[in-house]
Amino acid sequence: MPSLDQVAEKLVVKMADHAIGDENTVLATLGLGSCIGIALYDKFSKVGGLVHIMLPENPGGKKVVKYADTGIPFLIREMESAGANKRRLAAKIVGGAGMFKSESGDSVMKIGERNIEAVREVLKDEGIKVTGSDVGKDYGRSMYFYLDDGRVEVKSFSRDLITI
Amino acid sequence: MELDQTKKDILKEVANIGAGNAATAFSGMIGQEINMTVPKVELVEIQDLPAITGDEEEFIACIMINFSGEISGKILLVVDMENVEKMLKLIFSTDDLPGKEMQHSALNELGNILSGAYLKAINDFTDLELDQSVPAMAYDMAAAVLSSSVIDYSQTEDHILLLETEFITEEEKLELFYFFIPERDSLDFLFQRLVGGSFA
């Protein structure tokens with residue numbers, strides 16, 4: 001397994017953006033809060049794609065990759081054009097946290113939870129299995145998606161790095 | 001949305017008046033002189049928001065206060081963790097900080113006082129009725145916190161209007177970012193009130 005420094009290409013995916021790569025690529029997205037990073041991988045062609053969505057539903061006519069319901073199908077189509085086979089795609093999802101708390105400790109915005117639900121729903125409709133996830137709770141996460149084998153490393157403050 | 005120079009100047013004046021009053025309140029709270037930067041009015045792409053205070057993965061504290069009334073929006077106070085500790089030492093006037101709960105309360109109180117002072121000044125200036133909510137707080141990676149803070153405004157918007165001021169304490173060079181984020185629908189009302197009123 002090559003480390004991050006050894007791989008040929010590292011692409012950072014911003015909020016409401018996406019990227020696709022081949023086995024020499026690492027797709028990264030930094031500081032997911034209530035947003036969700038969805039990593040799709042075809043382990044035979046080693047084509048992988050990552051989309052960083054912010055919200056569950058596109059109200060219509062807006063940037064497709066900002067929303068779960070339009071962003072995921074868009075990523076699938078782009079990956080098919082790049083040589084992936086939809087039937088072989090597996091998903092790993094990261095993020096969907098509730099970042100802000102009131103003094104009583106209650107989470108003040110529920111967008112993270114709604115994002116998780118929406119992402120799972122869309123993936124189910126597309127017939128794509130979720131093979132790994134690190135979602136919810138109350139902390140930010142950065143994810144690194146290695147396209148040589150499809151593993152996703154999740155980094156957060158004061159917690160050990162995990163691989164899903 | 002387009003902002004012409006007149007509108008930008010109006011918003012700058014709003015930020016100046018609000019932040020001036022907040023700086024005075026802040027100074028009273030920590031017992032130090034505060035220098036304030038000239039307010040900036042920026043229309044920021046939502047994608048660029050996570051890096052607005054610097055490194056996306058820097059550990060920050062953010063206090064968020066929503067306000068509503070004749071206009072609505074949010075106030076965000078952002079401090080990096082090193083500065084939070086220094087600030088708490090000034091607030092409590094001791095190097096021996098109390099437990100986490102007391103620290104959280106003190107930061108919430110700081111949020112209340114600074115946003116209260118800012119909104120009060122805007123109210124005096126514009127006569128707009130404004131109520132503030134209780135503060136909510138997050139400590140984490142800058143990108144995770146900042147992106148989540150305005151997520152409710154991003155449903156239909158791709159840009160966020162920020163009125164930004166930095167407060168820097170005279171002695172310790174503590175930096176605190178102060179963001180005033182009016183909701184899009186409130187802006188027209190604000191301009192109408194100010195241009196139609198004595199300001200123009």
# chains A, B, ... in the order shown; residues from 1 in each chain; ligands from 1
call {"tool": "residues_around", "arguments": {"residues": "A:Ser156", "least_positions_apart": "5", "cutoff": "12 Å", "atoms": "only C-alpha atoms", "output": "ChimeraX atom specification"}}
result
/A:30-33,94-95,97,134-135,137-144,161-163 /B:57-59,139-144
call {"tool": "write_last_selection", "arguments": {"atoms": "N, CA and C atoms", "output": "short mmCIF file (atom, residue, chain, number, x, y, z; two decimals), in the first residue's frame"}}
result
data_model
loop_
_atom_site.label_atom_id
_atom_site.label_comp_id
_atom_site.auth_asym_id
_atom_site.auth_seq_id
_atom_site.Cartn_x
_atom_site.Cartn_y
_atom_site.Cartn_z
N LEU A 30 -11.51 17.76 2.87
CA LEU A 30 -11.07 18.19 4.20
C LEU A 30 -12.19 18.86 4.99
N GLY A 31 -12.30 18.49 6.25
CA GLY A 31 -13.22 19.17 7.14
C GLY A 31 -14.68 19.02 6.78
N LEU A 32 -15.14 17.78 6.70
CA LEU A 32 -16.58 17.56 6.52
C LEU A 32 -17.27 17.80 7.85
N GLY A 33 -18.28 18.64 7.86
CA GLY A 33 -19.10 18.83 9.06
C GLY A 33 -20.42 18.13 8.81
N VAL A 94 -18.96 9.37 4.54
CA VAL A 94 -18.32 10.00 5.69
C VAL A 94 -18.91 11.39 5.90
N GLY A 95 -19.19 11.75 7.15
CA GLY A 95 -19.66 13.11 7.46
C GLY A 95 -21.04 13.10 8.10
N ALA A 97 -22.27 15.19 10.37
CA ALA A 97 -22.24 15.46 11.81
C ALA A 97 -23.17 16.62 12.18
N ASP A 134 -18.64 6.27 8.21
CA ASP A 134 -18.32 6.91 9.48
C ASP A 134 -19.11 8.22 9.46
N VAL A 135 -20.30 8.17 10.01
CA VAL A 135 -21.23 9.30 9.86
C VAL A 135 -21.85 9.69 11.20
N LYS A 137 -22.77 11.78 14.70
CA LYS A 137 -22.09 12.31 15.90
C LYS A 137 -21.86 13.82 15.78
N ASP A 138 -20.81 14.30 16.45
CA ASP A 138 -20.72 15.77 16.56
C ASP A 138 -19.34 16.33 16.24
N TYR A 139 -18.60 15.63 15.37
CA TYR A 139 -17.26 16.13 15.08
C TYR A 139 -16.94 16.13 13.59
N GLY A 140 -15.98 16.99 13.22
CA GLY A 140 -15.58 17.13 11.83
C GLY A 140 -14.64 16.02 11.39
N ARG A 141 -14.63 15.75 10.10
CA ARG A 141 -13.81 14.66 9.57
C ARG A 141 -13.17 15.05 8.24
N SER A 142 -11.93 14.58 8.02
CA SER A 142 -11.33 14.67 6.69
C SER A 142 -11.23 13.26 6.16
N MET A 143 -11.46 13.08 4.85
CA MET A 143 -11.38 11.73 4.30
C MET A 143 -10.39 11.65 3.14
N TYR A 144 -9.70 10.51 3.06
CA TYR A 144 -8.72 10.25 2.01
C TYR A 144 -9.08 8.92 1.37
N LEU A 161 -7.00 7.77 13.71
CA LEU A 161 -7.32 7.61 12.30
C LEU A 161 -8.02 6.26 12.12
N ILE A 162 -9.10 6.24 11.36
CA ILE A 162 -9.72 4.95 11.10
C ILE A 162 -9.73 4.67 9.60
N THR A 163 -9.77 3.40 9.24
CA THR A 163 -9.85 3.03 7.83
C THR A 163 -11.14 2.25 7.62
N GLU B 57 -8.08 22.96 8.10
CA GLU B 57 -8.06 21.92 9.14
C GLU B 57 -7.60 22.46 10.49
N GLU B 58 -7.49 23.78 10.60
CA GLU B 58 -7.10 24.37 11.89
C GLU B 58 -8.21 24.16 12.91
N PHE B 59 -7.82 23.96 14.17
CA PHE B 59 -8.80 23.75 15.23
C PHE B 59 -9.30 25.11 15.72
N TYR B 139 -16.52 23.43 18.39
CA TYR B 139 -15.06 23.44 18.39
C TYR B 139 -14.62 22.33 17.46
N ASP B 140 -13.93 22.66 16.43
CA ASP B 140 -13.46 21.58 15.55
C ASP B 140 -12.66 22.15 14.39
N MET B 141 -12.50 21.33 13.34
CA MET B 141 -11.80 21.79 12.14
C MET B 141 -12.55 22.96 11.54
N ALA B 142 -11.80 23.98 11.15
CA ALA B 142 -12.41 25.20 10.62
C ALA B 142 -13.41 24.89 9.50
N ALA B 143 -13.02 24.05 8.56
CA ALA B 143 -13.89 23.78 7.41
C ALA B 143 -15.20 23.14 7.85
N ALA B 144 -15.11 22.19 8.79
CA ALA B 144 -16.31 21.48 9.24
C ALA B 144 -17.26 22.43 9.95
#
call {"tool": "select_by_dssp", "arguments": {"residues": "chain A", "states": "strand (DSSP E or B)", "output": "ChimeraX atom specification"}}
result
/A:9-12,17-21,25-32,36-42,47-53,55,67,89-95,101-102,107,129-135,141-146,152-155,162-163
call {"tool": "interface_residues", "arguments": {"of": "chain B", "to": "chain A", "cutoff": "12 Å", "atoms": "only C-alpha atoms", "output": "PyMOL selection string"}}
result
chain B and resi 45-51+55-66+76+100-109+111+133-158
call {"tool": "residues_around", "arguments": {"residues": "A:Leu50", "least_positions_apart": "3", "cutoff": "8 Å", "atoms": "only C-alpha atoms", "output": "list in words"}}
result
Val13, His18, Ala19, Ile20, Leu27, Gly37, Ile38, Ala39, Leu40 and Leu75 of chain A
call {"tool": "residues_around", "arguments": {"residues": "stretch 121-132 of chain A", "least_positions_apart": "3", "cutoff": "8 Å", "atoms": "only C-alpha atoms", "output": "JSON, numbers by chain"}}
result
{"A": [68, 69, 72, 73, 87, 89, 90, 91, 92, 93, 117, 118, 164]}
call {"tool": "atom_distance", "arguments": {"atom1": "atom CA of A:Phe74", "atom2": "atom CA of A:Val51"}}
result
9.3 Å
call {"tool": "closest_residue", "arguments": {"among": "B:Glu13, B:Val78, B:Thr6, B:Ala25", "to": "B:Ala117", "atoms": "only C-alpha atoms"}}
result
B:Ala25
call {"tool": "residues_around", "arguments": {"residues": "A:Gly21", "least_positions_apart": "2", "cutoff": "6 Å", "atoms": "only C-alpha atoms", "output": "list in words"}}
result
Thr25, Val47 and Gly48 of chain A
call {"tool": "write_last_selection", "arguments": {"atoms": "N, CA and C atoms", "output": "short mmCIF file (atom, residue, chain, number, x, y, z; two decimals), in the first residue's frame"}}
result
data_model
loop_
_atom_site.label_atom_id
_atom_site.label_comp_id
_atom_site.auth_asym_id
_atom_site.auth_seq_id
_atom_site.Cartn_x
_atom_site.Cartn_y
_atom_site.Cartn_z
N THR A 25 -4.49 7.53 -7.92
CA THR A 25 -5.02 8.77 -7.37
C THR A 25 -5.47 8.60 -5.92
N VAL A 47 -11.58 2.46 -10.96
CA VAL A 47 -12.05 3.83 -11.14
C VAL A 47 -12.81 4.21 -9.86
N GLY A 48 -12.48 5.38 -9.33
CA GLY A 48 -13.16 5.85 -8.13
C GLY A 48 -13.64 7.27 -8.31
#
call {"tool": "atom_distance", "arguments": {"atom1": "atom CA of B:Ala15", "atom2": "atom CA of B:Glu85"}}
result
26.7 Å
call {"tool": "select_by_dssp", "arguments": {"residues": "chain B", "states": "alpha helix (DSSP H)", "output": "VMD selection string"}}
result
chain B and resid 5 to 30 81 to 92 100 to 126 142 to 149 184 to 196
call {"tool": "closest_residue", "arguments": {"among": "A:Asn24, A:Asn85, A:Ser133, A:Thr70", "to": "A:Glu153", "atoms": "only C-alpha atoms"}}
result
A:Ser133
call {"tool": "atom_distance", "arguments": {"atom1": "atom CA of B:Gly18", "atom2": "atom CA of B:Thr169"}}
result
17.7 Å
call {"tool": "closest_residue", "arguments": {"among": "B:Gly20, B:Pro98, B:Pro182, B:Gly54", "to": "B:Glu42", "atoms": "only C-alpha atoms"}}
result
B:Pro182
call {"tool": "residues_around", "arguments": {"residues": "B:Val38", "least_positions_apart": "4", "cutoff": "9 Å", "atoms": "only C-alpha atoms", "output": "list in words"}}
result
Lys12, Ala15, Asn16, Glu164, Thr165 and Glu166 of chain B
call {"tool": "closest_residue", "arguments": {"among": "B:Ser93, B:Ser72, B:Asn83, B:Thr37", "to": "B:Ile181", "atoms": "only C-alpha atoms"}}
result
B:Ser72
call {"tool": "residues_around", "arguments": {"residues": "B:Leu190", "least_positions_apart": "2", "cutoff": "12 Å", "atoms": "only C-alpha atoms", "output": "PDB file with N, CA and C atoms, in the first residue's frame"}}
result
ATOM      1  N   LYS B   7     -24.180  50.423  -2.135  1.00  0.00           N
ATOM      2  CA  LYS B   7     -24.635  49.389  -1.202  1.00  0.00           C
ATOM      3  C   LYS B   7     -23.487  48.877  -0.339  1.00  0.00           C
ATOM      4  N   ILE B  10     -22.812  51.357   2.340  1.00  0.00           N
ATOM      5  CA  ILE B  10     -23.836  51.293   3.388  1.00  0.00           C
ATOM      6  C   ILE B  10     -23.538  50.133   4.340  1.00  0.00           C
ATOM      7  N   LEU B  11     -23.239  48.972   3.750  1.00  0.00           N
ATOM      8  CA  LEU B  11     -22.968  47.802   4.587  1.00  0.00           C
ATOM      9  C   LEU B  11     -21.717  48.001   5.435  1.00  0.00           C
ATOM     10  N   VAL B  14     -22.664  50.040   8.345  1.00  0.00           N
ATOM     11  CA  VAL B  14     -23.387  49.209   9.317  1.00  0.00           C
ATOM     12  C   VAL B  14     -22.386  48.391  10.148  1.00  0.00           C
ATOM     13  N   GLY B  69     -36.198  39.326  13.420  1.00  0.00           N
ATOM     14  CA  GLY B  69     -36.940  40.561  13.631  1.00  0.00           C
ATOM     15  C   GLY B  69     -37.216  41.160  12.271  1.00  0.00           C
ATOM     16  N   GLU B  70     -37.006  42.453  12.132  1.00  0.00           N
ATOM     17  CA  GLU B  70     -37.275  43.069  10.828  1.00  0.00           C
ATOM     18  C   GLU B  70     -36.250  42.631   9.777  1.00  0.00           C
ATOM     19  N   ILE B  71     -35.054  42.338  10.219  1.00  0.00           N
ATOM     20  CA  ILE B  71     -34.117  41.632   9.338  1.00  0.00           C
ATOM     21  C   ILE B  71     -33.580  40.430  10.122  1.00  0.00           C
ATOM     22  N   SER B  72     -33.119  39.407   9.389  1.00  0.00           N
ATOM     23  CA  SER B  72     -32.573  38.251  10.098  1.00  0.00           C
ATOM     24  C   SER B  72     -31.238  37.835   9.518  1.00  0.00           C
ATOM     25  N   GLY B  73     -30.517  37.074  10.281  1.00  0.00           N
ATOM     26  CA  GLY B  73     -29.192  36.629   9.847  1.00  0.00           C
ATOM     27  C   GLY B  73     -28.459  35.958  10.989  1.00  0.00           C
ATOM     28  N   ILE B 122     -26.772  48.697  15.634  1.00  0.00           N
ATOM     29  CA  ILE B 122     -27.517  48.702  14.370  1.00  0.00           C
ATOM     30  C   ILE B 122     -28.939  49.183  14.596  1.00  0.00           C
ATOM     31  N   ASN B 123     -29.500  48.758  15.700  1.00  0.00           N
ATOM     32  CA  ASN B 123     -30.848  49.191  16.054  1.00  0.00           C
ATOM     33  C   ASN B 123     -30.908  50.712  16.258  1.00  0.00           C
ATOM     34  N   PHE B 125     -29.031  52.877  14.939  1.00  0.00           N
ATOM     35  CA  PHE B 125     -28.725  53.523  13.669  1.00  0.00           C
ATOM     36  C   PHE B 125     -29.867  53.413  12.666  1.00  0.00           C
ATOM     37  N   THR B 126     -30.536  52.272  12.671  1.00  0.00           N
ATOM     38  CA  THR B 126     -31.529  52.008  11.620  1.00  0.00           C
ATOM     39  C   THR B 126     -32.954  51.951  12.155  1.00  0.00           C
ATOM     40  N   ASP B 127     -33.072  51.848  13.466  1.00  0.00           N
ATOM     41  CA  ASP B 127     -34.373  51.702  14.080  1.00  0.00           C
ATOM     42  C   ASP B 127     -35.020  50.340  13.785  1.00  0.00           C
ATOM     43  N   LEU B 128     -34.225  49.390  13.313  1.00  0.00           N
ATOM     44  CA  LEU B 128     -34.764  48.049  13.052  1.00  0.00           C
ATOM     45  C   LEU B 128     -34.847  47.270  14.357  1.00  0.00           C
ATOM     46  N   GLU B 129     -35.962  46.574  14.532  1.00  0.00           N
ATOM     47  CA  GLU B 129     -36.120  45.734  15.722  1.00  0.00           C
ATOM     48  C   GLU B 129     -35.421  44.400  15.501  1.00  0.00           C
ATOM     49  N   PRO B 182     -26.080  38.846   7.054  1.00  0.00           N
ATOM     50  CA  PRO B 182     -27.518  39.075   6.883  1.00  0.00           C
ATOM     51  C   PRO B 182     -28.101  38.087   5.879  1.00  0.00           C
ATOM     52  N   GLU B 183     -29.306  37.672   6.130  1.00  0.00           N
ATOM     53  CA  GLU B 183     -29.974  36.783   5.186  1.00  0.00           C
ATOM     54  C   GLU B 183     -30.299  37.571   3.926  1.00  0.00           C
ATOM     55  N   ARG B 184     -30.272  36.882   2.801  1.00  0.00           N
ATOM     56  CA  ARG B 184     -30.442  37.543   1.512  1.00  0.00           C
ATOM     57  C   ARG B 184     -31.715  38.407   1.450  1.00  0.00           C
ATOM     58  N   ASP B 185     -32.816  37.845   1.911  1.00  0.00           N
ATOM     59  CA  ASP B 185     -34.094  38.559   1.815  1.00  0.00           C
ATOM     60  C   ASP B 185     -34.129  39.815   2.674  1.00  0.00           C
ATOM     61  N   SER B 186     -33.251  39.851   3.684  1.00  0.00           N
ATOM     62  CA  SER B 186     -33.250  41.000   4.582  1.00  0.00           C
ATOM     63  C   SER B 186     -32.515  42.194   4.003  1.00  0.00           C
ATOM     64  N   LEU B 187     -31.680  41.925   3.011  1.00  0.00           N
ATOM     65  CA  LEU B 187     -30.818  42.992   2.515  1.00  0.00           C
ATOM     66  C   LEU B 187     -31.592  44.139   1.880  1.00  0.00           C
ATOM     67  N   ASP B 188     -32.558  43.787   1.063  1.00  0.00           N
ATOM     68  CA  ASP B 188     -33.341  44.828   0.392  1.00  0.00           C
ATOM     69  C   ASP B 188     -34.009  45.732   1.411  1.00  0.00           C
ATOM     70  N   GLN B 192     -33.386  49.664   1.849  1.00  0.00           N
ATOM     71  CA  GLN B 192     -34.534  50.546   1.764  1.00  0.00           C
ATOM     72  C   GLN B 192     -34.582  51.474   2.981  1.00  0.00           C
ATOM     73  N   ARG B 193     -34.397  50.872   4.134  1.00  0.00           N
ATOM     74  CA  ARG B 193     -34.479  51.629   5.355  1.00  0.00           C
ATOM     75  C   ARG B 193     -33.374  52.680   5.414  1.00  0.00           C
ATOM     76  N   LEU B 194     -32.187  52.274   4.990  1.00  0.00           N
ATOM     77  CA  LEU B 194     -31.044  53.186   5.138  1.00  0.00           C
ATOM     78  C   LEU B 194     -30.984  54.245   4.052  1.00  0.00           C
ATOM     79  N   VAL B 195     -31.283  53.844   2.819  1.00  0.00           N
ATOM     80  CA  VAL B 195     -31.224  54.809   1.731  1.00  0.00           C
ATOM     81  C   VAL B 195     -32.420  55.752   1.818  1.00  0.00           C
ATOM     82  N   GLY B 196     -33.553  55.174   2.187  1.00  0.00           N
ATOM     83  CA  GLY B 196     -34.770  55.996   2.297  1.00  0.00           C
ATOM     84  C   GLY B 196     -34.735  56.898   3.525  1.00  0.00           C
ATOM     85  N   GLY B 197     -33.915  56.534   4.487  1.00  0.00           N
ATOM     86  CA  GLY B 197     -33.893  57.278   5.742  1.00  0.00           C
ATOM     87  C   GLY B 197     -32.869  58.407   5.732  1.00  0.00           C
ATOM     88  N   PHE B 199     -29.798  58.300   6.343  1.00  0.00           N
ATOM     89  CA  PHE B 199     -28.415  57.941   6.000  1.00  0.00           C
ATOM     90  C   PHE B 199     -27.998  58.481   4.633  1.00  0.00           C
TER      91      PHE B 199
END
